[in-house]
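Student: What follows is coords.csv, CSV, C-alpha atoms and all ligand atoms.
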```
chain,number,residue,atom,x,y,z
G,1,MET,CA,17.7,-7.7,30.3
G,2,ASN,CA,14.7,-8.3,27.9
G,3,LYS,CA,13.6,-5.2,26.0
G,4,LYS,CA,10.1,-4.0,27.1
G,5,ILE,CA,7.5,-5.2,24.6
G,6,VAL,CA,5.5,-2.4,23.1
G,7,THR,CA,2.3,-3.6,21.5
G,8,LEU,CA,0.6,-1.9,18.5
G,9,ASP,CA,-2.3,-0.9,20.8
G,10,GLU,CA,0.0,0.7,23.4
G,11,PHE,CA,2.0,2.5,20.7
G,12,ILE,CA,-1.2,3.8,19.1
G,13,ILE,CA,-2.5,5.1,22.4
G,14,LYS,CA,0.8,6.6,23.3
G,15,SER,CA,1.2,8.4,19.9
G,16,GLN,CA,-2.4,9.6,20.1
G,17,LYS,CA,-1.3,11.9,22.9
G,18,GLY,CA,0.8,13.8,20.4
G,19,HIS,CA,-2.1,14.3,18.1
G,20,ASP,CA,-5.2,16.5,18.1
G,21,ASP,CA,-7.2,13.3,17.8
G,22,ALA,CA,-8.4,13.7,21.4
G,23,THR,CA,-11.4,11.5,20.8
G,24,GLY,CA,-9.3,8.5,20.1
G,25,SER,CA,-11.4,7.6,17.1
G,26,LEU,CA,-8.3,7.4,14.7
G,27,SER,CA,-6.7,5.2,17.3
G,28,ARG,CA,-9.7,2.9,17.5
G,29,LEU,CA,-9.8,2.7,13.7
G,30,LEU,CA,-6.1,1.8,13.5
G,31,ARG,CA,-6.7,-0.9,16.2
G,32,ASP,CA,-9.6,-2.3,14.2
G,33,ILE,CA,-7.3,-2.7,11.2
G,34,GLY,CA,-4.8,-4.5,13.4
G,35,ILE,CA,-7.5,-6.9,14.5
G,36,ALA,CA,-8.6,-7.6,10.9
G,37,SER,CA,-5.0,-8.2,9.9
G,38,LYS,CA,-4.6,-10.8,12.6
G,39,ILE,CA,-7.7,-12.6,11.2
G,40,ILE,CA,-6.5,-12.4,7.6
G,41,ASN,CA,-3.0,-13.6,8.7
G,42,ARG,CA,-4.6,-16.7,10.3
G,43,GLU,CA,-6.3,-17.6,7.0
G,44,VAL,CA,-3.4,-16.7,4.7
G,45,ASN,CA,-1.2,-19.0,6.8
G,46,LYS,CA,-3.5,-22.0,6.2
G,47,ALA,CA,-5.0,-21.0,2.8
G,48,GLY,CA,-3.6,-24.3,1.4
G,49,LEU,CA,-5.6,-26.3,3.9
G,50,VAL,CA,-9.0,-24.9,3.6
G,51,ASN,CA,-11.2,-24.3,0.6
G,52,ILE,CA,-10.3,-20.7,0.1
G,53,LEU,CA,-7.7,-21.2,-2.6
G,54,GLY,CA,-8.2,-21.0,-6.3
G,55,VAL,CA,-9.8,-18.4,-8.4
G,56,GLU,CA,-13.2,-17.4,-7.4
G,57,GLY,CA,-14.0,-17.0,-11.1
G,58,SER,CA,-15.3,-13.5,-10.9
G,59,GLU,CA,-13.4,-10.5,-11.9
G,60,ASN,CA,-12.9,-7.5,-9.6
G,61,SER,CA,-13.7,-3.9,-10.4
G,62,THR,CA,-10.5,-3.4,-12.3
G,63,GLY,CA,-10.8,-6.6,-14.3
G,64,ASP,CA,-8.3,-8.8,-12.3
G,65,MET,CA,-9.3,-12.4,-11.6
G,66,VAL,CA,-10.5,-12.6,-8.0
G,67,GLN,CA,-9.0,-15.2,-5.6
G,68,LYS,CA,-11.2,-16.4,-2.7
G,69,LEU,CA,-8.7,-15.1,-0.1
G,70,ASP,CA,-9.2,-11.6,-1.7
G,71,ILE,CA,-12.9,-11.8,-0.9
G,72,PHE,CA,-12.3,-13.2,2.6
G,73,ALA,CA,-9.8,-10.4,3.4
G,74,ASN,CA,-12.2,-7.7,2.0
G,75,GLU,CA,-15.1,-9.0,4.0
G,76,LYS,CA,-13.1,-9.3,7.3
G,77,ILE,CA,-11.8,-5.7,7.1
G,78,ILE,CA,-15.3,-4.3,6.3
G,79,GLU,CA,-16.7,-6.4,9.1
G,80,CYS,CA,-14.1,-5.2,11.7
G,81,LEU,CA,-14.4,-1.6,10.7
G,82,SER,CA,-18.2,-1.7,10.8
G,83,MET,CA,-18.2,-2.6,14.5
G,84,SER,CA,-16.5,0.4,16.1
G,85,GLY,CA,-18.4,3.0,14.1
G,86,GLU,CA,-15.3,5.1,13.5
G,87,CYS,CA,-15.3,4.6,9.7
G,88,ALA,CA,-18.0,6.2,7.5
G,89,ALA,CA,-17.1,4.6,4.2
G,90,ILE,CA,-14.6,2.2,2.6
G,91,VAL,CA,-13.1,2.3,-1.0
G,92,SER,CA,-11.8,-1.2,-1.8
G,93,GLU,CA,-10.1,-2.6,-4.9
G,94,GLU,CA,-12.7,-5.4,-4.7
G,95,ASN,CA,-15.7,-3.2,-4.8
G,96,GLU,CA,-16.8,-1.1,-7.8
G,97,ASP,CA,-18.6,1.5,-5.7
G,98,ILE,CA,-17.9,3.2,-2.3
G,99,ILE,CA,-19.1,1.1,0.6
G,100,LYS,CA,-21.1,3.2,3.0
G,101,LEU,CA,-21.0,1.9,6.6
G,102,PRO,CA,-24.0,2.3,8.9
G,103,SER,CA,-23.7,4.5,11.9
G,104,VAL,CA,-23.1,2.7,15.2
G,105,ASN,CA,-24.9,4.0,18.3
G,106,GLY,CA,-25.5,7.2,16.5
G,107,LYS,CA,-21.8,8.0,16.3
G,108,LYS,CA,-20.9,10.4,13.5
G,109,ALA,CA,-17.9,8.6,11.9
G,110,GLN,CA,-15.1,11.0,10.8
G,111,TYR,CA,-13.0,8.7,8.7
G,112,VAL,CA,-12.8,7.0,5.3
G,113,LEU,CA,-10.6,4.0,4.6
G,114,VAL,CA,-9.2,3.2,1.2
G,115,MET,CA,-7.7,-0.3,0.7
G,116,ASP,CA,-6.4,-3.1,-1.3
G,117,PRO,CA,-7.4,-5.9,1.0
G,118,LEU,CA,-5.0,-8.5,-0.5
G,119,ASP,CA,-2.4,-7.1,-2.8
G,120,GLY,CA,-0.3,-9.5,-5.0
G,121,SER,CA,-3.2,-11.9,-5.2
G,122,SER,CA,-1.6,-13.8,-8.1
G,123,ASN,CA,0.9,-15.1,-5.5
G,124,ILE,CA,-1.6,-16.7,-3.1
G,125,ASP,CA,-1.9,-20.2,-4.6
G,126,VAL,CA,1.9,-20.5,-4.8
G,127,ASN,CA,2.6,-19.5,-1.2
G,128,VAL,CA,4.4,-16.3,-2.1
G,129,SER,CA,3.9,-13.3,0.2
G,130,VAL,CA,0.9,-11.0,-0.2
G,131,GLY,CA,-0.1,-7.9,1.7
G,132,THR,CA,-2.9,-5.5,2.7
G,133,ILE,CA,-2.5,-1.8,1.9
G,134,PHE,CA,-4.6,0.9,3.6
G,135,GLY,CA,-5.0,4.7,3.7
G,136,ILE,CA,-7.2,6.8,6.0
G,137,TYR,CA,-8.7,10.2,5.2
G,138,LYS,CA,-10.7,12.5,7.4
G,139,ARG,CA,-14.0,13.1,5.6
G,140,LYS,CA,-14.5,16.6,4.2
G,141,SER,CA,-18.3,16.7,4.3
G,142,ASP,CA,-20.4,17.2,7.4
G,143,ALA,CA,-20.3,14.0,9.5
G,144,SER,CA,-24.0,14.2,10.1
G,145,GLY,CA,-24.7,14.0,6.4
G,146,GLU,CA,-24.3,11.3,3.7
G,147,ILE,CA,-20.8,10.4,2.6
G,148,GLU,CA,-19.9,12.2,-0.6
G,149,LEU,CA,-17.5,11.3,-3.5
G,150,GLU,CA,-15.3,14.3,-2.4
G,151,ASP,CA,-14.6,12.5,0.9
G,152,CYS,CA,-13.1,9.6,-1.0
G,153,ILE,CA,-11.2,11.1,-3.9
G,154,GLN,CA,-8.8,13.2,-1.8
G,155,THR,CA,-5.1,13.5,-2.9
G,156,GLY,CA,-2.5,11.5,-1.1
G,157,LEU,CA,-1.3,14.7,0.7
G,158,ASP,CA,-4.6,14.6,2.6
G,159,LEU,CA,-4.0,11.2,4.0
G,160,VAL,CA,-4.0,11.2,7.9
G,161,ALA,CA,-2.6,7.7,8.1
G,162,SER,CA,-1.4,4.9,5.8
G,163,GLY,CA,0.1,1.5,6.2
G,164,TYR,CA,0.5,-2.0,5.0
G,165,VAL,CA,0.6,-5.5,6.4
G,166,LEU,CA,3.0,-8.0,4.8
G,167,TYR,CA,2.0,-11.7,5.3
G,168,GLY,CA,5.5,-13.2,4.7
G,169,THR,CA,8.0,-15.3,6.6
G,170,SER,CA,6.6,-13.3,9.5
G,171,THR,CA,3.7,-10.9,9.5
G,172,ILE,CA,4.6,-7.2,9.9
G,173,LEU,CA,2.4,-4.1,10.0
G,174,VAL,CA,4.1,-0.9,9.0
G,175,TYR,CA,2.2,2.4,9.3
G,176,THR,CA,2.6,6.2,9.6
G,177,THR,CA,0.3,9.0,10.8
G,178,GLY,CA,2.6,11.6,9.3
G,179,SER,CA,5.2,11.6,12.1
G,180,GLY,CA,7.6,8.9,10.9
G,181,VAL,CA,7.2,5.2,10.1
G,182,ASN,CA,7.1,2.3,12.6
G,183,GLY,CA,7.0,-1.5,12.0
G,184,PHE,CA,5.2,-4.1,14.2
G,185,THR,CA,5.9,-7.8,13.9
G,186,LEU,CA,3.1,-10.2,14.9
G,187,ASP,CA,4.1,-12.5,17.8
G,188,PRO,CA,1.9,-15.5,17.3
G,189,SER,CA,2.6,-16.7,20.9
G,190,ILE,CA,0.7,-13.7,22.3
G,191,GLY,CA,-1.3,-12.7,19.3
G,192,GLU,CA,0.0,-9.2,19.4
G,193,PHE,CA,1.8,-6.9,16.9
G,194,CYS,CA,4.9,-5.8,18.8
G,195,LEU,CA,7.1,-2.8,17.9
G,196,SER,CA,10.1,-4.2,16.0
G,197,HIS,CA,11.2,-1.4,13.8
G,198,SER,CA,11.2,2.2,15.3
G,199,ASP,CA,11.3,5.3,13.1
G,200,MET,CA,12.2,3.5,9.9
G,201,LYS,CA,14.4,5.4,7.4
G,202,ILE,CA,15.0,4.2,3.8
G,203,PRO,CA,18.6,4.2,2.7
G,204,ALA,CA,19.5,7.0,0.2
G,205,ALA,CA,20.4,4.4,-2.4
G,206,GLY,CA,20.6,0.6,-2.6
G,207,ASN,CA,21.6,-2.4,-4.6
G,208,TYR,CA,18.1,-3.4,-5.7
G,209,TYR,CA,15.8,-2.5,-8.5
G,210,SER,CA,12.3,-4.0,-8.9
G,211,VAL,CA,10.5,-4.0,-12.2
G,212,ASN,CA,8.7,-6.6,-14.4
G,213,GLN,CA,11.6,-7.2,-16.8
G,214,GLY,CA,9.2,-9.2,-18.9
G,215,TYR,CA,7.6,-6.0,-20.1
G,216,TYR,CA,11.0,-4.3,-20.9
G,217,LEU,CA,10.3,-4.1,-24.7
G,218,LYS,CA,6.9,-2.5,-24.0
G,219,PHE,CA,8.3,0.3,-21.8
G,220,ASP,CA,9.1,3.8,-23.2
G,221,LEU,CA,12.7,4.5,-24.3
G,222,GLU,CA,13.5,6.5,-21.2
G,223,MET,CA,12.5,3.6,-18.9
G,224,ARG,CA,14.4,1.1,-20.9
G,225,ARG,CA,17.5,3.4,-20.7
G,226,TYR,CA,17.2,3.7,-16.9
G,227,ILE,CA,16.7,-0.1,-16.5
G,228,ASP,CA,19.8,-0.7,-18.7
G,229,HIS,CA,21.6,1.7,-16.4
G,230,CYS,CA,20.6,-0.3,-13.3
G,231,SER,CA,21.8,-3.4,-15.0
G,232,ASP,CA,25.1,-1.7,-16.0
G,233,LEU,CA,25.6,-0.9,-12.3
G,234,ASN,CA,25.1,-4.6,-11.5
G,235,LEU,CA,22.2,-3.8,-9.3
G,236,ARG,CA,20.2,-6.9,-8.3
G,237,LEU,CA,16.7,-7.4,-9.9
G,238,ARG,CA,14.2,-8.5,-7.3
G,239,TYR,CA,10.5,-8.7,-8.4
G,240,ILE,CA,8.0,-10.7,-6.4
G,241,GLY,CA,4.9,-9.6,-8.2
G,242,SER,CA,3.5,-8.2,-4.9
G,243,MET,CA,3.9,-4.4,-4.6
G,244,VAL,CA,3.9,-4.6,-0.8
G,245,SER,CA,6.7,-7.2,-0.7
G,246,ASP,CA,8.8,-5.5,-3.3
G,247,ILE,CA,8.5,-2.1,-1.7
G,248,HIS,CA,9.0,-3.5,1.8
G,249,ARG,CA,12.4,-4.9,0.8
G,250,ILE,CA,13.3,-1.5,-0.7
G,251,LEU,CA,12.2,0.3,2.4
G,252,PHE,CA,14.6,-1.8,4.5
G,253,GLN,CA,17.6,-2.2,2.1
G,254,GLY,CA,17.3,0.7,-0.3
G,255,GLY,CA,16.4,0.5,-4.0
G,256,ILE,CA,13.7,1.5,-6.5
G,257,PHE,CA,10.4,-0.1,-7.5
G,258,LEU,CA,9.0,0.8,-11.0
G,259,TYR,CA,5.7,0.1,-12.6
G,260,PRO,CA,5.8,2.1,-15.8
G,261,ASN,CA,3.1,2.4,-18.5
G,262,THR,CA,2.9,-0.2,-21.2
G,263,ARG,CA,0.5,-0.6,-24.2
G,264,LYS,CA,-1.6,-2.9,-22.0
G,265,TYR,CA,-1.6,-0.4,-19.1
G,266,PRO,CA,-1.2,3.1,-20.8
G,267,HIS,CA,-1.8,4.8,-17.4
G,268,GLY,CA,0.1,2.1,-15.4
G,269,LYS,CA,-1.5,-0.9,-13.7
G,270,LEU,CA,-1.4,0.1,-10.0
G,271,ARG,CA,-4.3,2.0,-8.5
G,272,LEU,CA,-3.5,5.5,-7.2
G,273,LEU,CA,-6.0,5.8,-4.3
G,274,TYR,CA,-5.4,2.6,-2.4
G,275,GLU,CA,-2.0,1.3,-3.7
G,276,CYS,CA,0.3,4.1,-4.8
G,277,ASN,CA,-0.8,6.9,-2.4
G,278,PRO,CA,-0.5,4.9,0.9
G,279,MET,CA,2.8,3.4,-0.2
G,280,ALA,CA,4.0,6.8,-1.3
G,281,MET,CA,3.1,8.4,2.1
G,282,ILE,CA,5.0,5.7,3.9
G,283,VAL,CA,8.1,5.9,1.7
G,284,GLU,CA,8.2,9.7,1.8
G,285,GLN,CA,7.8,9.6,5.6
G,286,ALA,CA,10.8,7.3,5.7
G,287,GLY,CA,12.8,9.8,3.6
G,288,GLY,CA,12.2,8.3,0.2
G,289,LYS,CA,10.5,9.6,-2.9
G,290,ALA,CA,7.5,8.5,-5.1
G,291,ILE,CA,6.8,10.0,-8.5
G,292,THR,CA,5.0,8.9,-11.7
G,293,CYS,CA,7.1,8.0,-14.8
G,294,GLY,CA,5.9,11.4,-16.0
G,295,LEU,CA,7.7,12.9,-13.0
G,296,GLU,CA,4.6,14.1,-11.0
G,297,ARG,CA,4.8,13.6,-7.2
G,298,ILE,CA,2.4,10.7,-6.5
G,299,LEU,CA,0.8,12.3,-3.4
G,300,ALA,CA,-0.1,15.5,-5.3
G,301,ILE,CA,-1.9,13.9,-8.2
G,302,PRO,CA,-5.6,15.0,-8.3
G,303,VAL,CA,-7.9,12.0,-7.8
G,304,THR,CA,-10.9,12.0,-10.1
G,305,ASN,CA,-12.0,8.3,-9.9
G,306,ILE,CA,-11.7,5.8,-7.1
G,307,HIS,CA,-10.1,3.2,-9.3
G,308,GLN,CA,-7.8,5.6,-11.1
G,309,LYS,CA,-4.4,4.1,-12.2
G,310,ALA,CA,-0.9,5.7,-12.0
G,311,THR,CA,2.6,4.8,-13.1
G,312,ILE,CA,5.1,4.8,-10.2
G,313,ALA,CA,8.7,5.0,-9.4
G,314,ILE,CA,9.2,4.8,-5.7
G,315,GLY,CA,12.1,4.2,-3.3
G,316,SER,CA,15.5,5.6,-2.3
G,317,PRO,CA,15.7,9.4,-3.0
G,318,ASP,CA,19.0,9.3,-4.8
G,319,MET,CA,17.8,6.5,-7.1
G,320,VAL,CA,14.4,8.2,-7.9
G,321,ASP,CA,16.3,11.4,-8.7
G,322,GLU,CA,18.6,9.5,-11.0
G,323,MET,CA,15.7,7.9,-12.8
G,324,GLN,CA,14.2,11.4,-13.2
G,325,LYS,CA,17.4,12.5,-15.0
G,326,PHE,CA,17.0,9.6,-17.4
G,327,VAL,CA,13.4,10.6,-18.1
G,328,GLU,CA,14.4,14.2,-18.7
G,329,ARG,CA,17.2,13.1,-21.0
G,330,TYR,CA,15.5,10.4,-23.1
G,331,SER,CA,11.8,11.2,-22.9
G,332,ALA,CA,10.2,11.7,-26.3
G,333,VAL,CA,8.4,14.7,-24.8
G,334,ASN,CA,11.6,16.6,-24.3
G,335,ALA,CA,13.1,15.3,-27.6
F,1,LIG,P1,-3.4,-7.4,-7.8
F,1,LIG,O1,-4.2,-6.3,-7.1
F,1,LIG,O2,-4.2,-8.1,-8.8
F,1,LIG,O3,-2.6,-8.2,-6.9
F,1,LIG,O4,-2.4,-6.6,-8.8
F,1,LIG,C1,-1.4,-5.8,-8.1
F,1,LIG,C2,-0.1,-6.4,-8.2
F,1,LIG,C3,0.9,-5.7,-7.4
F,1,LIG,O5,1.0,-6.1,-6.1
F,1,LIG,C4,2.2,-6.0,-8.2
F,1,LIG,O6,3.2,-5.0,-8.0
F,1,LIG,C5,1.7,-6.0,-9.6
F,1,LIG,O7,0.3,-6.3,-9.6
F,1,LIG,C6,2.4,-7.1,-10.5
F,1,LIG,O8,1.8,-6.9,-11.8
F,1,LIG,P2,2.5,-7.7,-13.0
F,1,LIG,O9,2.2,-9.1,-12.7
F,1,LIG,O10,1.9,-7.1,-14.2
F,1,LIG,O11,4.0,-7.4,-12.9
```
Step by step, read the file and then write its structure as structure tokens.

Tutor:
Amino acid sequence: MNKKIVTLDEFIIKSQKGHDDATGSLSRLLRDIGIASKIINREVNKAGLVNILGVEGSENSTGDMVQKLDIFANEKIIECLSMSGECAAIVSEENEDIIKLPSVNGKKAQYVLVMDPLDGSSNIDVNVSVGTIFGIYKRKSDASGEIELEDCIQTGLDLVASGYVLYGTSTILVYTTGSGVNGFTLDPSIGEFCLSHSDMKIPAAGNYYSVNQGYYLKFDLEMRRYIDHCSDLNLRLRYIGSMVSDIHRILFQGGIFLYPNTRKYPHGKLRLLYECNPMAMIVEQAGGKAITCGLERILAIPVTNIHQKATIAIGSPDMVDEMQKFVERYSAVNA
């Protein structure tokens, strides 16, 4: 007998019953993100056919070359979230400043979205998977007033929801509202995200490690020693150059993803607010760990700037713990 299909919308409404979000506004916000993801998926799948490939030529707020699909994805999410009036503001990797959304029908929006609309953008032109990363905060300031910076620079521990969409061999949306992690695969024949992975749990350890080996000589001693250890264990190196794709594999099969500091990126390359924190919430909810290469818990790092960067080691708990031991043993700080 065929298993009953549970769509993302049905799942969100059903899980809302377990939350104090009686107004349904978080549910509507999550559904808006699902809609935007379907639109982005359609364009990602035909990017080679329409004129949205190639480098736009501009640089984004953190100095990366912007691909046209980045801009398309950014604009679609902003457009979709502007319609329901549930979101008061958006922080995006593609925008230097906070995007304040106008009120809809006088509604006092309670939520702020932080996002990387298209992560792994260097992969777009070569048909390698990319993803959308998002996090949702409840605003701290009074909903009748202007959005304030404090509404947007909350620590990861204050996230009410986070998720990602991976546009790969299939398109999967994975999210958490703090009570476990669930995955929904897009069924193009009905245009719905359908529950495909319930209550996802990361293996305690795995056979994969994911790091840009090309920077090996630029890493600190403790990171080089840990990477040597992974190699000595004959772990398999898998690095796609898209954080969402690399961490998605690790979430399913176990392993560790590392983006340490280098001379080029002394504080790491990945952004804390809309890349590291949402992925850390998901991995922790699935039983994993996420720390900086300086051993701070990612979700607890104070956020002072919306484009702040962080180093990251994220994945299976036993492997993150082992990496921590290498840092404690070889770090110059402890020498
Ligand atoms: P992007 O926002 O320009 O795509 O940069 C983020 C990406 C991550 O998805 C990925 O993990 C990392 O950059 C790869 O960086 P590198 O090419 O330095 O290894």

Student: Using only C-alpha atoms, can you tell me which of G:Asn41, G:Ser27, G:Asn261, G:Ser242 comes closest to Arg224 (chain G)?

Tutor: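 Residue with the minimum atom-to-atom distance to Arg224 (chain G): G:Asn261.
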
Student: Using all atoms listed in the file, which protein or nucleic acid residues come within 12 Å of Ser25 (chain G)? Drop anything in the same chain fewer than 6 positions from it, and give the result as a PyMOL selection string.

Tutor: chain G and resi 12-13+16+19+31-32+81+84-88+107-112+136+138

Student: Taking all atoms listed in the file into account, produce a table as a tab-separated table in which each residue of chain G with an atom at most 6 Å from an atom of ligand LIG 1 (chain F) appears once, together with its shortest atom pair and the distance in Å to one decimal, ordered by chain and rising number.

Tutor:
```
residue	atom	partner	partner_atom	distance
G:Asp64	CA	F:LIG1	O2	5.4
G:Asp119	CA	F:LIG1	O3	4.2
G:Gly120	CA	F:LIG1	O3	3.3
G:Ser121	CA	F:LIG1	O3	4.1
G:Ser122	CA	F:LIG1	O3	5.8
G:Asn212	CA	F:LIG1	O11	5.0
G:Gly241	CA	F:LIG1	C6	4.2
G:Ser242	CA	F:LIG1	O5	3.5
G:Met243	CA	F:LIG1	O6	3.5
```

Student: Within 9 Å of Glu322 (chain G), counting all atoms listed in the file, which residues show up once you throw out same-chain ones fewer than 5 positions away? Write them as a VMD selection string, please.

Tutor: chain G and resid 226 317 327

Student: For a cut-off of 12 Å around (10.1, -6.4, 24.6), file coordinates, pick out all residues using all atoms listed in the file and list them as a list in words.

Tutor: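 Protein, DNA and RNA residues close to (10.1, -6.4, 24.6): Met1, Asn2, Lys3, Lys4, Ile5, Val6, Thr7, Phe184, Thr185, Asp187, Glu192, Phe193, Cys194, Leu195, Ser196 and His197 of chain G.
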
Student: At a cut-off of 9 Å, using all atoms listed in the file, what residues contact Ser198 (chain G)? Leave out same-chain residues fewer than 6 positions from it and give the result as a list of chain:residue names.

Tutor: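 Using all atoms listed in the file, the neighbours found are G:Gly180, G:Val181, G:Asn182, G:Gly183, G:Phe184.
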
Student: Which distance in Å separates CA of Ser129 (chain G) and CA of Leu258 (chain G), to one decimal?

Tutor: 18.7 Å

Student: Looking at all atoms listed in the file, which of G:Ser82, G:Asn127, G:Val244, G:Pro102 is the one that sits closest to Glu146 (chain G)?

Tutor: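 Counting all atoms listed in the file, the residue closest to Glu146 (chain G) is G:Pro102.
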
Student: What does the distance from CA of Ile153 (chain G) to CA of Leu8 (chain G) come to in Å, to one decimal?

Tutor: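 About the pair CA of Ile153 (chain G) and CA of Leu8 (chain G): they are 28.5 Å apart.
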
Student: Write out as number ranges by chain which residues come within 6 Å of Ala310 (chain G) when counting all atoms listed in the file, dropping same-chain ones fewer than 3 positions away.

Tutor: G: 267-268, 270, 272

Student: CA of Glu222 (chain G) and CA of Glu328 (chain G), how far apart in Å?

Tutor: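 CA of Glu328 (chain G) sits 8.1 Å away from CA of Glu222 (chain G).
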
Student: Report, as lines of an AutoDock Vina configuration file, the axis-aligned box around all atoms of region 78-81 of chain G present in the file, extended by 6 Å on each side; give centre and edge lengths in Å to one decimal place.

Tutor:
```
center_x = -15.4
center_y = -4.0
center_z = 9.0
size_x = 14.6
size_y = 16.8
size_z = 17.4
```

Student: For a quick check of your reading of the model, name the residues lying within 9 Å of the coordinate (3.6, 14.3, -5.7), counting only C-alpha atoms, and write them as a VMD selection string.

Tutor: chain G and resid 156 to 157 280 289 to 292 295 to 301

Student: Those selected residues, please, written with C-alpha atoms and delivered as a PDB file, keeping the file's coordinate frame.

Tutor:
```pdb
ATOM      1  CA  GLY G 156      -2.500  11.500  -1.100  1.00  0.00           C
ATOM      2  CA  LEU G 157      -1.300  14.700   0.700  1.00  0.00           C
ATOM      3  CA  ALA G 280       4.000   6.800  -1.300  1.00  0.00           C
ATOM      4  CA  LYS G 289      10.500   9.600  -2.900  1.00  0.00           C
ATOM      5  CA  ALA G 290       7.500   8.500  -5.100  1.00  0.00           C
ATOM      6  CA  ILE G 291       6.800  10.000  -8.500  1.00  0.00           C
ATOM      7  CA  THR G 292       5.000   8.900 -11.700  1.00  0.00           C
ATOM      8  CA  LEU G 295       7.700  12.900 -13.000  1.00  0.00           C
ATOM      9  CA  GLU G 296       4.600  14.100 -11.000  1.00  0.00           C
ATOM     10  CA  ARG G 297       4.800  13.600  -7.200  1.00  0.00           C
ATOM     11  CA  ILE G 298       2.400  10.700  -6.500  1.00  0.00           C
ATOM     12  CA  LEU G 299       0.800  12.300  -3.400  1.00  0.00           C
ATOM     13  CA  ALA G 300      -0.100  15.500  -5.300  1.00  0.00           C
ATOM     14  CA  ILE G 301      -1.900  13.900  -8.200  1.00  0.00           C
TER      15      ILE G 301
END
```

Student: Would you list the contacts of Asp318 (chain G) as a ChimeraX atom specification, taking every protein, DNA or RNA residue within 9 Å and counting only C-alpha atoms, but skipping same-chain residues closer than 5 positions in sequence?

Tutor: /G:204-205,288-289,323

Student: In terms of the shortest atom-to-atom distance over only C-alpha atoms, which of G:Arg271, G:Lys14, G:Arg42, G:His229 is closest to Met319 (chain G)?

Tutor: G:His229

Student: Given only C-alpha atoms as the basis, pick out the residue of G:Ala332, G:Ile250, G:Leu26, G:Leu273 nearest to Ile314 (chain G).

Tutor: G:Ile250

Student: Please extract region 253-276 of chain G and write it out with C-alpha atoms, as a PDB file, in the first residue's frame.

Tutor:
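Generated file (part.pdb):
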```
ATOM      1  CA  GLN G 253      26.276   9.728   6.253  1.00  0.00           C
ATOM      2  CA  GLY G 254      28.320  11.160   9.130  1.00  0.00           C
ATOM      3  CA  GLY G 255      31.575  13.098   8.951  1.00  0.00           C
ATOM      4  CA  ILE G 256      32.999  16.538   9.628  1.00  0.00           C
ATOM      5  CA  PHE G 257      33.092  19.779   7.601  1.00  0.00           C
ATOM      6  CA  LEU G 258      35.837  22.287   8.319  1.00  0.00           C
ATOM      7  CA  TYR G 259      36.405  25.853   7.184  1.00  0.00           C
ATOM      8  CA  PRO G 260      39.359  27.021   9.305  1.00  0.00           C
ATOM      9  CA  ASN G 261      41.028  30.412   9.307  1.00  0.00           C
ATOM     10  CA  THR G 262      43.754  31.186   6.773  1.00  0.00           C
ATOM     11  CA  ARG G 263      45.859  34.276   6.113  1.00  0.00           C
ATOM     12  CA  LYS G 264      43.296  35.290   3.443  1.00  0.00           C
ATOM     13  CA  TYR G 265      40.397  34.673   5.830  1.00  0.00           C
ATOM     14  CA  PRO G 266      41.821  35.270   9.356  1.00  0.00           C
ATOM     15  CA  HIS G 267      38.308  34.991  10.855  1.00  0.00           C
ATOM     16  CA  GLY G 268      37.156  32.284   8.454  1.00  0.00           C
ATOM     17  CA  LYS G 269      35.279  32.804   5.160  1.00  0.00           C
ATOM     18  CA  LEU G 270      31.778  31.672   6.079  1.00  0.00           C
ATOM     19  CA  ARG G 271      29.285  34.132   7.517  1.00  0.00           C
ATOM     20  CA  LEU G 272      28.083  33.516  11.056  1.00  0.00           C
ATOM     21  CA  LEU G 273      24.551  34.953  10.876  1.00  0.00           C
ATOM     22  CA  TYR G 274      23.178  33.376   7.687  1.00  0.00           C
ATOM     23  CA  GLU G 275      25.498  30.439   6.940  1.00  0.00           C
ATOM     24  CA  CYS G 276      27.084  29.013  10.111  1.00  0.00           C
TER      25      CYS G 276
END
```
